[in-house]
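Right, one structure below, let's go through it.
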Amino acid sequence: MDKNKLGLIHIYTGNGKGKTTAAMGLILRASGRGLKVILGQFMKGRETGELRTLQLLPGVEVFRGKPITKFSFQMSETEKAEVLQSHNCFIRELSRRCEETGADLLVLDEVIGACGVKLLDESLLIDFLKHKPEHLEVVMTGRNPSSELLGIADYVSEVVKRKHPFDKGIPAREGIEK
Ligand code: ATP
Ligand code: MG
């Protein structure tokens, strides 16, 4: 395949279900074509179901940021500062790993949410996107991307919630939401 055609930037956003699962579907496709993939998950408390499977796929490397067990508004200033620092290191690590491995696809799951609640310096993310390896395809997920991120992206796909069982009191289910 012609890897020179790679290098575009995707955003999967919106308030409906399906942003992370769409990104995981793309990893499946990319792995099937022999692409090298790196997945970095931000803002996740526990190990998610998909990580177990994805790390078994050929050419796929999976990384998790510092596990987060509270909403940002429940964190003390010290806790926020710690998470911010670890997320800032995480994005640098992922960037280094992409260079080292010659990755073709980088998925930054919930990175947009992390920027939105100031648990990642968006300027670091934007700097990375502007100076990334030319043929590295990047996918970012999360709600409410800034206008600057929207401006940099080549694909912006919005999942709109028409209905979600959470509104009927059905919490996240293993194997479906987590
Ligand atoms: P998924 O991981 O299922 O593809 P997502 O990435 O689109 O969902 P996020 O915004 O990352 O959704 O939401 C985190 C969690 O909240 C997921 O478990 C997701 O299924 C669930 N969720 C998504 N949309 C809603 C909603 N409108 N109301 C309640 N929960 C939601
Ligand atoms: Mg998600």
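Letters A, B, ... mark the chains of the structure tokens in the order given; residue numbers begin at 1 per chain; ligand numbers begin at 1, in order shown.
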
> Mind listing the residues within 7 Å of ligand 2, only C-alpha atoms and all ligand atoms counted, as an MDAnalysis selection string?
Replying inline: chainID A and resid 19:20 109:110 141:142

At a cut-off of 12 Å around ligand 1, and using only C-alpha atoms and all ligand atoms, what residues come up? Please write them as a tab-separated table (two decimals) with all heavy atoms, in the first residue's frame.
```
chain	number	residue	atom	x	y	z
A	11	ILE	N	-10.99	14.07	13.76
A	11	ILE	CA	-11.62	14.32	15.06
A	11	ILE	C	-12.97	13.60	15.06
A	11	ILE	O	-13.77	13.78	14.14
A	11	ILE	CB	-11.83	15.83	15.30
A	11	ILE	CG1	-10.50	16.51	15.57
A	11	ILE	CG2	-12.81	16.07	16.46
A	11	ILE	CD1	-10.58	18.01	15.83
A	12	TYR	N	-13.19	12.77	16.10
A	12	TYR	CA	-14.51	12.17	16.32
A	12	TYR	C	-15.07	12.81	17.57
A	12	TYR	O	-14.51	12.63	18.66
A	12	TYR	CB	-14.42	10.65	16.49
A	12	TYR	CG	-13.72	9.92	15.36
A	12	TYR	CD1	-13.17	8.66	15.53
A	12	TYR	CD2	-13.60	10.50	14.08
A	12	TYR	CE1	-12.53	8.00	14.50
A	12	TYR	CE2	-12.96	9.85	13.05
A	12	TYR	CZ	-12.42	8.60	13.26
A	12	TYR	OH	-11.77	7.94	12.24
A	13	THR	N	-16.14	13.55	17.40
A	13	THR	CA	-16.66	14.32	18.52
A	13	THR	C	-18.17	14.20	18.62
A	13	THR	O	-18.78	13.40	17.93
A	13	THR	CB	-16.20	15.81	18.38
A	13	THR	OG1	-16.50	16.50	19.57
A	13	THR	CG2	-16.86	16.48	17.19
A	14	GLY	N	-18.79	14.97	19.51
A	14	GLY	CA	-20.24	14.95	19.67
A	14	GLY	C	-20.65	14.29	20.97
A	14	GLY	O	-19.84	13.68	21.66
A	15	ASN	N	-21.95	14.42	21.29
A	15	ASN	CA	-22.44	13.95	22.59
A	15	ASN	C	-23.06	12.56	22.54
A	15	ASN	O	-23.61	12.08	23.52
A	15	ASN	CB	-23.43	14.96	23.19
A	15	ASN	CG	-24.68	15.08	22.33
A	15	ASN	OD1	-24.74	14.51	21.24
A	15	ASN	ND2	-25.66	15.82	22.80
A	16	GLY	N	-23.01	11.89	21.41
A	16	GLY	CA	-23.57	10.53	21.31
A	16	GLY	C	-22.52	9.46	21.54
A	16	GLY	O	-21.32	9.75	21.62
A	17	LYS	N	-22.98	8.23	21.63
A	17	LYS	CA	-22.05	7.10	21.81
A	17	LYS	C	-21.43	6.69	20.49
A	17	LYS	O	-22.15	6.57	19.50
A	17	LYS	CB	-22.81	5.90	22.38
A	17	LYS	CG	-21.98	4.63	22.41
A	17	LYS	CD	-22.80	3.45	22.84
A	17	LYS	CE	-22.08	2.14	22.60
A	17	LYS	NZ	-20.86	1.98	23.38
A	18	GLY	N	-20.15	6.44	20.48
A	18	GLY	CA	-19.55	5.89	19.27
A	18	GLY	C	-18.21	6.48	18.86
A	18	GLY	O	-17.60	6.01	17.89
A	19	LYS	N	-17.73	7.48	19.59
A	19	LYS	CA	-16.46	8.12	19.19
A	19	LYS	C	-15.27	7.17	19.39
A	19	LYS	O	-14.49	6.93	18.48
A	19	LYS	CB	-16.24	9.42	19.99
A	19	LYS	CG	-17.38	10.41	19.79
A	19	LYS	CD	-17.30	11.58	20.73
A	19	LYS	CE	-17.63	11.28	22.17
A	19	LYS	NZ	-19.03	10.90	22.42
A	20	THR	N	-15.18	6.64	20.60
A	20	THR	CA	-14.06	5.73	20.88
A	20	THR	C	-14.20	4.45	20.06
A	20	THR	O	-13.22	3.98	19.47
A	20	THR	CB	-13.99	5.41	22.39
A	20	THR	OG1	-13.75	6.63	23.08
A	20	THR	CG2	-12.89	4.42	22.71
A	21	THR	N	-15.42	3.94	19.98
A	21	THR	CA	-15.57	2.68	19.22
A	21	THR	C	-15.27	2.89	17.74
A	21	THR	O	-14.70	1.99	17.09
A	21	THR	CB	-16.97	2.05	19.44
A	21	THR	OG1	-17.95	3.07	19.42
A	21	THR	CG2	-17.06	1.33	20.75
A	22	ALA	N	-15.56	4.06	17.19
A	22	ALA	CA	-15.20	4.33	15.79
A	22	ALA	C	-13.68	4.33	15.63
A	22	ALA	O	-13.14	3.78	14.66
A	22	ALA	CB	-15.78	5.66	15.34
A	23	ALA	N	-13.01	4.93	16.59
A	23	ALA	CA	-11.54	4.98	16.52
A	23	ALA	C	-10.96	3.56	16.60
A	23	ALA	O	-10.01	3.23	15.88
A	23	ALA	CB	-10.99	5.85	17.65
A	24	MET	N	-11.58	2.72	17.45
A	24	MET	CA	-11.10	1.34	17.58
A	24	MET	C	-11.35	0.56	16.29
A	24	MET	O	-10.55	-0.28	15.89
A	24	MET	CB	-11.79	0.62	18.75
A	24	MET	CG	-11.60	1.29	20.10
A	24	MET	SD	-9.90	1.63	20.46
A	24	MET	CE	-9.99	3.26	21.17
A	25	GLY	N	-12.45	0.85	15.65
A	25	GLY	CA	-12.76	0.21	14.35
A	25	GLY	C	-11.70	0.57	13.32
A	25	GLY	O	-11.27	-0.27	12.51
A	41	GLN	N	-4.62	6.14	25.44
A	41	GLN	CA	-5.92	6.48	26.04
A	41	GLN	C	-5.72	7.45	27.19
A	41	GLN	O	-4.98	7.16	28.13
A	41	GLN	CB	-6.65	5.22	26.52
A	41	GLN	CG	-7.33	4.48	25.36
A	41	GLN	CD	-8.44	3.55	25.80
A	41	GLN	OE1	-8.30	2.80	26.76
A	41	GLN	NE2	-9.57	3.58	25.08
A	42	PHE	N	-6.42	8.57	27.11
A	42	PHE	CA	-6.39	9.61	28.15
A	42	PHE	C	-7.65	9.49	29.01
A	42	PHE	O	-8.70	9.05	28.50
A	42	PHE	CB	-6.37	11.00	27.52
A	42	PHE	CG	-5.10	11.34	26.80
A	42	PHE	CD1	-4.82	10.76	25.57
A	42	PHE	CD2	-4.18	12.22	27.35
A	42	PHE	CE1	-3.64	11.05	24.90
A	42	PHE	CE2	-2.99	12.52	26.67
A	42	PHE	CZ	-2.73	11.94	25.46
A	43	MET	N	-7.56	9.90	30.26
A	43	MET	CA	-8.73	10.11	31.11
A	43	MET	C	-9.51	8.84	31.46
A	43	MET	O	-10.67	8.93	31.81
A	43	MET	CB	-9.73	11.07	30.43
A	43	MET	CG	-9.17	12.36	29.93
A	43	MET	SD	-8.82	13.49	31.26
A	43	MET	CE	-10.44	13.97	31.74
A	44	LYS	N	-8.89	7.68	31.36
A	44	LYS	CA	-9.63	6.47	31.67
A	44	LYS	C	-9.28	6.01	33.08
A	44	LYS	O	-8.11	6.03	33.46
A	44	LYS	CB	-9.29	5.34	30.68
A	44	LYS	CG	-9.61	5.70	29.24
A	44	LYS	CD	-11.07	5.51	28.88
A	44	LYS	CE	-11.40	6.30	27.64
A	44	LYS	NZ	-12.45	5.87	26.81
A	45	GLY	N	-10.30	5.60	33.83
A	45	GLY	CA	-10.06	5.12	35.18
A	45	GLY	C	-9.51	3.71	35.19
A	45	GLY	O	-8.39	3.45	35.61
A	46	ARG	N	-10.30	2.80	34.62
A	46	ARG	CA	-9.90	1.40	34.64
A	46	ARG	C	-9.48	0.97	33.25
A	46	ARG	O	-9.77	1.64	32.27
A	46	ARG	CB	-11.08	0.54	35.08
A	46	ARG	CG	-11.65	0.95	36.43
A	46	ARG	CD	-12.73	0.00	36.88
A	46	ARG	NE	-13.58	-0.40	35.75
A	46	ARG	CZ	-14.23	-1.56	35.70
A	46	ARG	NH1	-14.14	-2.40	36.70
A	46	ARG	NH2	-14.99	-1.85	34.65
A	48	THR	N	-9.88	-0.57	29.88
A	48	THR	CA	-11.11	-0.72	29.10
A	48	THR	C	-11.07	-2.05	28.33
A	48	THR	O	-9.98	-2.56	28.04
A	48	THR	CB	-11.27	0.45	28.12
A	48	THR	OG1	-10.03	0.61	27.42
A	48	THR	CG2	-11.61	1.73	28.84
A	49	GLY	N	-12.26	-2.59	28.01
A	49	GLY	CA	-12.34	-3.89	27.34
A	49	GLY	C	-11.52	-3.94	26.06
A	49	GLY	O	-10.84	-4.93	25.78
A	50	GLU	N	-11.57	-2.84	25.31
A	50	GLU	CA	-10.91	-2.83	24.00
A	50	GLU	C	-9.39	-2.99	24.09
A	50	GLU	O	-8.76	-3.55	23.19
A	50	GLU	CB	-11.26	-1.56	23.21
A	50	GLU	CG	-10.85	-0.24	23.84
A	50	GLU	CD	-11.96	0.39	24.68
A	50	GLU	OE1	-12.85	-0.35	25.16
A	50	GLU	OE2	-11.92	1.63	24.85
A	51	LEU	N	-8.81	-2.55	25.19
A	51	LEU	CA	-7.35	-2.61	25.28
A	51	LEU	C	-6.85	-4.05	25.26
A	51	LEU	O	-5.82	-4.35	24.68
A	51	LEU	CB	-6.85	-1.91	26.55
A	51	LEU	CG	-7.07	-0.41	26.60
A	51	LEU	CD1	-6.32	0.19	27.78
A	51	LEU	CD2	-6.62	0.26	25.32
A	108	LEU	N	-5.43	9.06	19.64
A	108	LEU	CA	-5.36	9.74	20.94
A	108	LEU	C	-6.79	9.80	21.48
A	108	LEU	O	-7.55	10.74	21.20
A	108	LEU	CB	-4.78	11.15	20.77
A	108	LEU	CG	-3.36	11.21	20.21
A	108	LEU	CD1	-2.97	12.66	19.88
A	108	LEU	CD2	-2.36	10.60	21.17
A	109	ASP	N	-7.15	8.73	22.21
A	109	ASP	CA	-8.53	8.62	22.66
A	109	ASP	C	-8.78	9.55	23.84
A	109	ASP	O	-8.02	9.55	24.81
A	109	ASP	CB	-8.82	7.16	23.05
A	109	ASP	CG	-10.27	6.95	23.43
A	109	ASP	OD1	-11.15	7.58	22.81
A	109	ASP	OD2	-10.53	6.16	24.35
A	110	GLU	N	-9.84	10.34	23.75
A	110	GLU	CA	-10.28	11.29	24.78
A	110	GLU	C	-9.25	12.40	25.05
A	110	GLU	O	-9.31	13.09	26.07
A	110	GLU	CB	-10.64	10.53	26.08
A	110	GLU	CG	-11.57	11.23	27.05
A	110	GLU	CD	-12.86	11.81	26.46
A	110	GLU	OE1	-13.32	11.35	25.40
A	110	GLU	OE2	-13.40	12.76	27.04
A	111	VAL	N	-8.37	12.61	24.08
A	111	VAL	CA	-7.39	13.69	24.25
A	111	VAL	C	-8.09	15.05	24.23
A	111	VAL	O	-7.65	16.00	24.89
A	111	VAL	CB	-6.29	13.58	23.16
A	111	VAL	CG1	-6.79	14.02	21.81
A	111	VAL	CG2	-5.05	14.35	23.56
A	112	ILE	N	-9.20	15.12	23.48
A	112	ILE	CA	-9.90	16.40	23.37
A	112	ILE	C	-10.56	16.75	24.71
A	112	ILE	O	-10.53	17.90	25.16
A	112	ILE	CB	-10.94	16.34	22.22
A	112	ILE	CG1	-10.19	16.15	20.89
A	112	ILE	CG2	-11.80	17.60	22.18
A	112	ILE	CD1	-11.08	15.88	19.70
A	113	GLY	N	-11.12	15.71	25.36
A	113	GLY	CA	-11.70	15.91	26.69
A	113	GLY	C	-10.64	16.37	27.69
A	113	GLY	O	-10.90	17.24	28.52
A	114	ALA	N	-9.47	15.77	27.59
A	114	ALA	CA	-8.38	16.13	28.52
A	114	ALA	C	-8.01	17.61	28.34
A	114	ALA	O	-7.82	18.33	29.33
A	114	ALA	CB	-7.17	15.24	28.29
A	140	MET	N	-8.21	11.78	16.90
A	140	MET	CA	-8.45	12.28	18.27
A	140	MET	C	-9.94	12.16	18.56
A	140	MET	O	-10.77	12.44	17.69
A	140	MET	CB	-8.06	13.76	18.36
A	140	MET	CG	-6.60	14.01	18.08
A	140	MET	SD	-6.18	15.75	18.20
A	140	MET	CE	-6.82	16.37	16.65
A	141	THR	N	-10.28	11.76	19.79
A	141	THR	CA	-11.69	11.71	20.15
A	141	THR	C	-11.95	12.60	21.36
A	141	THR	O	-11.04	12.95	22.11
A	141	THR	CB	-12.18	10.28	20.47
A	141	THR	OG1	-11.77	9.93	21.80
A	141	THR	CG2	-11.65	9.25	19.50
A	142	GLY	N	-13.22	12.95	21.53
A	142	GLY	CA	-13.65	13.72	22.70
A	142	GLY	C	-14.60	14.84	22.33
A	142	GLY	O	-14.64	15.28	21.18
A	143	ARG	N	-15.36	15.25	23.34
A	143	ARG	CA	-16.38	16.29	23.12
A	143	ARG	C	-15.77	17.69	23.11
A	143	ARG	O	-14.75	17.92	23.74
A	143	ARG	CB	-17.42	16.23	24.24
A	143	ARG	CG	-18.12	14.89	24.27
A	143	ARG	CD	-19.08	14.81	25.42
A	143	ARG	NE	-19.55	13.43	25.54
A	143	ARG	CZ	-20.67	13.06	26.13
A	143	ARG	NH1	-21.47	13.96	26.66
A	143	ARG	NH2	-21.01	11.81	26.18
A	144	ASN	N	-16.45	18.60	22.46
A	144	ASN	CA	-16.14	20.03	22.47
A	144	ASN	C	-14.70	20.40	22.09
A	144	ASN	O	-13.99	21.02	22.88
A	144	ASN	CB	-16.46	20.63	23.85
A	144	ASN	CG	-17.90	20.40	24.24
A	144	ASN	OD1	-18.80	20.57	23.40
A	144	ASN	ND2	-18.14	19.99	25.47
A	145	PRO	N	-14.29	20.03	20.89
A	145	PRO	CA	-12.95	20.44	20.46
A	145	PRO	C	-12.87	21.95	20.31
A	145	PRO	O	-13.87	22.60	19.97
A	145	PRO	CB	-12.79	19.75	19.10
A	145	PRO	CG	-14.16	19.41	18.66
A	145	PRO	CD	-15.00	19.26	19.88
A	157	SER	N	-15.92	14.41	12.43
A	157	SER	CA	-17.15	13.62	12.42
A	157	SER	C	-17.83	13.77	13.76
A	157	SER	O	-17.19	13.61	14.80
A	157	SER	CB	-16.85	12.14	12.18
A	157	SER	OG	-16.15	12.00	10.96
A	158	GLU	N	-19.12	14.10	13.71
A	158	GLU	CA	-19.84	14.35	14.96
A	158	GLU	C	-20.90	13.28	15.19
A	158	GLU	O	-21.74	13.04	14.33
A	158	GLU	CB	-20.50	15.74	14.89
A	158	GLU	CG	-21.14	16.13	16.19
A	158	GLU	CD	-21.53	17.60	16.23
A	158	GLU	OE1	-21.21	18.34	15.27
A	158	GLU	OE2	-22.17	17.99	17.20
A	159	VAL	N	-20.84	12.62	16.36
A	159	VAL	CA	-21.85	11.64	16.74
A	159	VAL	C	-22.89	12.37	17.57
A	159	VAL	O	-22.58	12.88	18.65
A	159	VAL	CB	-21.25	10.49	17.60
A	159	VAL	CG1	-22.30	9.42	17.84
A	159	VAL	CG2	-20.02	9.91	16.95
A	160	VAL	N	-24.11	12.45	17.06
A	160	VAL	CA	-25.15	13.20	17.76
A	160	VAL	C	-26.02	12.23	18.55
A	160	VAL	O	-26.45	11.21	18.03
A	160	VAL	CB	-26.02	13.97	16.75
A	160	VAL	CG1	-27.16	14.69	17.46
A	160	VAL	CG2	-25.17	14.95	15.96
A	161	LYS	N	-26.25	12.57	19.81
A	161	LYS	CA	-27.12	11.72	20.62
A	161	LYS	C	-28.58	12.00	20.30
A	161	LYS	O	-29.04	13.13	20.43
A	161	LYS	CB	-26.90	11.97	22.11
A	161	LYS	CG	-27.75	11.06	22.97
A	161	LYS	CD	-27.79	11.44	24.43
A	161	LYS	CE	-28.90	12.42	24.69
A	161	LYS	NZ	-29.21	12.55	26.13
A	162	ARG	N	-29.29	10.96	19.84
A	162	ARG	CA	-30.75	11.09	19.73
A	162	ARG	C	-31.37	10.45	20.97
A	162	ARG	O	-32.33	10.94	21.50
A	162	ARG	CB	-31.25	10.38	18.47
A	162	ARG	CG	-30.72	10.98	17.18
A	162	ARG	CD	-31.55	12.20	16.77
A	162	ARG	NE	-31.09	12.75	15.51
A	162	ARG	CZ	-31.54	12.36	14.32
A	162	ARG	NH1	-32.47	11.42	14.23
A	162	ARG	NH2	-31.07	12.90	13.22
A	163	LYS	N	-30.76	9.31	21.38
A	163	LYS	CA	-31.20	8.63	22.59
A	163	LYS	C	-29.97	7.99	23.22
A	163	LYS	O	-29.04	7.61	22.50
A	163	LYS	CB	-32.19	7.50	22.27
A	163	LYS	CG	-33.51	7.96	21.73
A	163	LYS	CD	-34.35	6.78	21.27
A	163	LYS	CE	-35.15	6.16	22.39
A	163	LYS	NZ	-36.08	5.11	21.90
A	164	HIS	N	-29.96	7.86	24.53
A	164	HIS	CA	-28.90	7.10	25.20
A	164	HIS	C	-29.52	6.48	26.45
A	164	HIS	O	-30.21	7.18	27.19
A	164	HIS	CB	-27.71	8.00	25.57
A	164	HIS	CG	-26.48	7.21	25.95
A	164	HIS	ND1	-26.42	6.44	27.08
A	164	HIS	CD2	-25.29	7.05	25.31
A	164	HIS	CE1	-25.23	5.84	27.14
A	164	HIS	NE2	-24.53	6.20	26.07
A	165	PRO	N	-29.30	5.17	26.67
A	165	PRO	CA	-29.94	4.50	27.82
A	165	PRO	C	-29.55	5.08	29.17
A	165	PRO	O	-30.24	4.86	30.16
A	165	PRO	CB	-29.50	3.04	27.69
A	165	PRO	CG	-28.44	3.01	26.67
A	165	PRO	CD	-28.53	4.24	25.83
A	166	PHE	N	-28.43	5.81	29.21
A	166	PHE	CA	-28.03	6.46	30.46
A	166	PHE	C	-29.15	7.37	30.97
A	166	PHE	O	-29.38	7.48	32.17
A	166	PHE	CB	-26.75	7.27	30.22
A	166	PHE	CG	-26.16	7.85	31.47
A	166	PHE	CD1	-25.48	7.05	32.38
A	166	PHE	CD2	-26.31	9.21	31.74
A	166	PHE	CE1	-24.95	7.59	33.54
A	166	PHE	CE2	-25.77	9.76	32.90
A	166	PHE	CZ	-25.10	8.94	33.81
A	167	ASP	N	-29.87	7.97	30.03
A	167	ASP	CA	-30.97	8.89	30.40
A	167	ASP	C	-32.13	8.14	31.07
A	167	ASP	O	-32.98	8.75	31.71
A	167	ASP	CB	-31.49	9.65	29.16
A	167	ASP	CG	-30.39	10.51	28.55
A	167	ASP	OD1	-29.44	10.84	29.28
A	167	ASP	OD2	-30.48	10.83	27.35
A	168	LYS	N	-32.18	6.81	30.85
A	168	LYS	CA	-33.21	6.00	31.52
A	168	LYS	C	-32.64	5.37	32.78
A	168	LYS	O	-33.25	4.49	33.37
A	168	LYS	CB	-33.68	4.86	30.59
A	168	LYS	CG	-34.46	5.32	29.39
A	168	LYS	CD	-35.18	4.15	28.70
A	168	LYS	CE	-34.21	3.29	27.92
A	168	LYS	NZ	-34.85	2.40	26.94
A	169	GLY	N	-31.42	5.76	33.14
A	169	GLY	CA	-30.80	5.25	34.37
A	169	GLY	C	-29.99	3.99	34.17
A	169	GLY	O	-29.59	3.35	35.14
A	170	ILE	N	-29.75	3.61	32.91
A	170	ILE	CA	-28.95	2.40	32.68
A	170	ILE	C	-27.47	2.79	32.63
A	170	ILE	O	-27.05	3.52	31.73
A	170	ILE	CB	-29.37	1.70	31.37
A	170	ILE	CG1	-30.84	1.28	31.44
A	170	ILE	CG2	-28.48	0.49	31.08
A	170	ILE	CD1	-31.42	0.69	30.16
A	171	PRO	N	-26.68	2.35	33.61
A	171	PRO	CA	-25.28	2.75	33.64
A	171	PRO	C	-24.43	1.98	32.62
A	171	PRO	O	-24.92	1.03	32.00
A	171	PRO	CB	-24.84	2.40	35.08
A	171	PRO	CG	-25.78	1.34	35.53
A	171	PRO	CD	-27.04	1.46	34.73
A	172	ALA	N	-23.18	2.42	32.47
A	172	ALA	CA	-22.26	1.81	31.49
A	172	ALA	C	-22.14	0.31	31.74
A	172	ALA	O	-22.00	-0.14	32.88
A	172	ALA	CB	-20.89	2.48	31.61
A	173	ARG	N	-22.23	-0.47	30.67
A	173	ARG	CA	-22.18	-1.93	30.78
A	173	ARG	C	-20.87	-2.47	30.22
A	173	ARG	O	-20.40	-2.00	29.18
A	173	ARG	CB	-23.38	-2.53	30.02
A	173	ARG	CG	-24.72	-2.17	30.67
A	173	ARG	CD	-25.88	-2.43	29.74
A	173	ARG	NE	-25.75	-1.70	28.49
A	173	ARG	CZ	-26.23	-2.12	27.32
A	173	ARG	NH1	-26.88	-3.25	27.23
A	173	ARG	NH2	-26.04	-1.40	26.23
A	174	GLU	N	-20.32	-3.47	30.92
A	174	GLU	CA	-19.07	-4.08	30.46
A	174	GLU	C	-19.25	-4.72	29.11
A	174	GLU	O	-20.24	-5.41	28.87
A	174	GLU	CB	-18.60	-5.14	31.47
A	174	GLU	CG	-17.45	-4.63	32.29
A	174	GLU	CD	-16.89	-5.65	33.25
A	174	GLU	OE1	-16.92	-6.86	32.97
A	174	GLU	OE2	-16.42	-5.20	34.30
A	175	GLY	N	-18.30	-4.50	28.24
A	175	GLY	CA	-18.37	-5.11	26.91
A	175	GLY	C	-19.11	-4.25	25.91
A	175	GLY	O	-19.03	-4.49	24.71
A	176	ILE	N	-19.84	-3.23	26.39
A	176	ILE	CA	-20.58	-2.34	25.50
A	176	ILE	C	-20.06	-0.91	25.62
A	176	ILE	O	-19.74	-0.25	24.63
A	176	ILE	CB	-22.09	-2.36	25.80
A	176	ILE	CG1	-22.65	-3.80	25.79
A	176	ILE	CG2	-22.87	-1.45	24.83
A	176	ILE	CD1	-22.59	-4.50	24.44
A	177	GLU	N	-19.99	-0.44	26.86
A	177	GLU	CA	-19.48	0.92	27.10
A	177	GLU	C	-18.08	0.93	27.67
A	177	GLU	O	-17.42	1.96	27.67
A	177	GLU	CB	-20.39	1.68	28.05
A	177	GLU	CG	-21.54	2.43	27.38
A	177	GLU	CD	-22.81	1.60	27.29
A	177	GLU	OE1	-22.93	0.65	28.09
A	177	GLU	OE2	-23.64	1.87	26.41
A	178	LYS	N	-17.65	-0.21	28.22
A	178	LYS	CA	-16.34	-0.20	28.87
A	178	LYS	C	-15.66	-1.58	28.81
A	178	LYS	O	-16.28	-2.54	28.37
A	178	LYS	CB	-16.46	0.28	30.30
A	178	LYS	CG	-17.34	-0.61	31.18
A	178	LYS	CD	-17.54	0.03	32.54
A	178	LYS	CE	-18.31	-0.90	33.44
A	178	LYS	NZ	-18.62	-0.34	34.74
```

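From CA of Gly34 (chain A) back to CA of Ala153 (chain A), the distance works out to 24.2 Å.
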
Enumerate, as a tab-separated table (two decimals) with C-alpha atoms, in the first residue's frame, the complete set of residues in region 106-175 of chain A that a backbone-based DSSP assignment places in alpha helix (DSSP H).
```tsv
chain	number	residue	atom	x	y	z
A	111	VAL	CA	-7.39	13.69	24.25
A	112	ILE	CA	-9.90	16.40	23.37
A	113	GLY	CA	-11.70	15.91	26.69
A	114	ALA	CA	-8.38	16.13	28.52
A	115	CYS	CA	-7.63	19.50	26.86
A	116	GLY	CA	-11.17	20.72	27.57
A	122	GLU	CA	-3.61	21.97	24.39
A	123	SER	CA	-0.65	23.96	23.11
A	124	LEU	CA	1.50	20.80	23.42
A	125	LEU	CA	-1.03	18.80	21.42
A	126	ILE	CA	-1.23	21.48	18.73
A	127	ASP	CA	2.53	21.74	18.57
A	128	PHE	CA	2.75	17.97	18.13
A	129	LEU	CA	0.11	18.02	15.35
A	130	LYS	CA	1.92	20.81	13.52
A	131	HIS	CA	5.30	19.06	13.67
A	147	SER	CA	-11.78	25.95	17.19
A	148	GLU	CA	-8.02	25.63	16.78
A	149	LEU	CA	-8.17	21.82	16.84
A	150	LEU	CA	-11.13	21.88	14.45
A	151	GLY	CA	-9.12	24.10	12.15
A	152	ILE	CA	-6.17	21.69	12.01
```

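For the pair CA of Glu61 (chain A) and CA of Ile38 (chain A), the interatomic distance is 4.9 Å.
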
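Proximity of A:Val139, A:Leu120, A:Leu94, A:Leu6 to Ala81 (chain A), computed with only C-alpha atoms, is greatest for A:Leu120.
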
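Our summary of the geometry notes that CA of Ile68 (chain A) is positioned 16.7 Å from CA of Asp121 (chain A).
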
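Summary of the local environment: counting only C-alpha atoms, residues at most 6 Å from Lys36 (chain A), other than itself and those fewer than 5 positions away along its chain, are Gly59, Ala103 and Asp104 of chain A.
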
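Nearest residue to Val37 (chain A) among A:Glu93, A:Leu8, A:Leu54, A:Glu134 is A:Leu54, counting only C-alpha atoms.
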
> What lies within 9 Å of region 71-78 of chain A using only C-alpha atoms, ignoring chain neighbours under 2 positions off, as a ChimeraX atom specification?
Replying inline: /A:68-69,80-83,117-119

>> Calculated over only C-alpha atoms, which of the candidates A:Arg33, A:Ser146, A:Pro67, A:Val60 has the smallest distance to His87 (chain A)?
In response: A:Pro67

> What residues in region 92-127 of chain A get the DSSP label strand (DSSP E)? Please answer as a PyMOL selection string.
Replying inline: chain A and resi 105-109

Residues just named, written with C-alpha atoms as a PDB file, in the first residue's frame:
```pdb
ATOM      1  CA  LEU A 105      -1.539   5.673  12.777  1.00  0.00           C
ATOM      2  CA  LEU A 106      -1.759   7.300  16.195  1.00  0.00           C
ATOM      3  CA  VAL A 107      -5.064   7.266  18.063  1.00  0.00           C
ATOM      4  CA  LEU A 108      -5.363   9.737  20.943  1.00  0.00           C
ATOM      5  CA  ASP A 109      -8.533   8.621  22.660  1.00  0.00           C
TER       6      ASP A 109
END
```
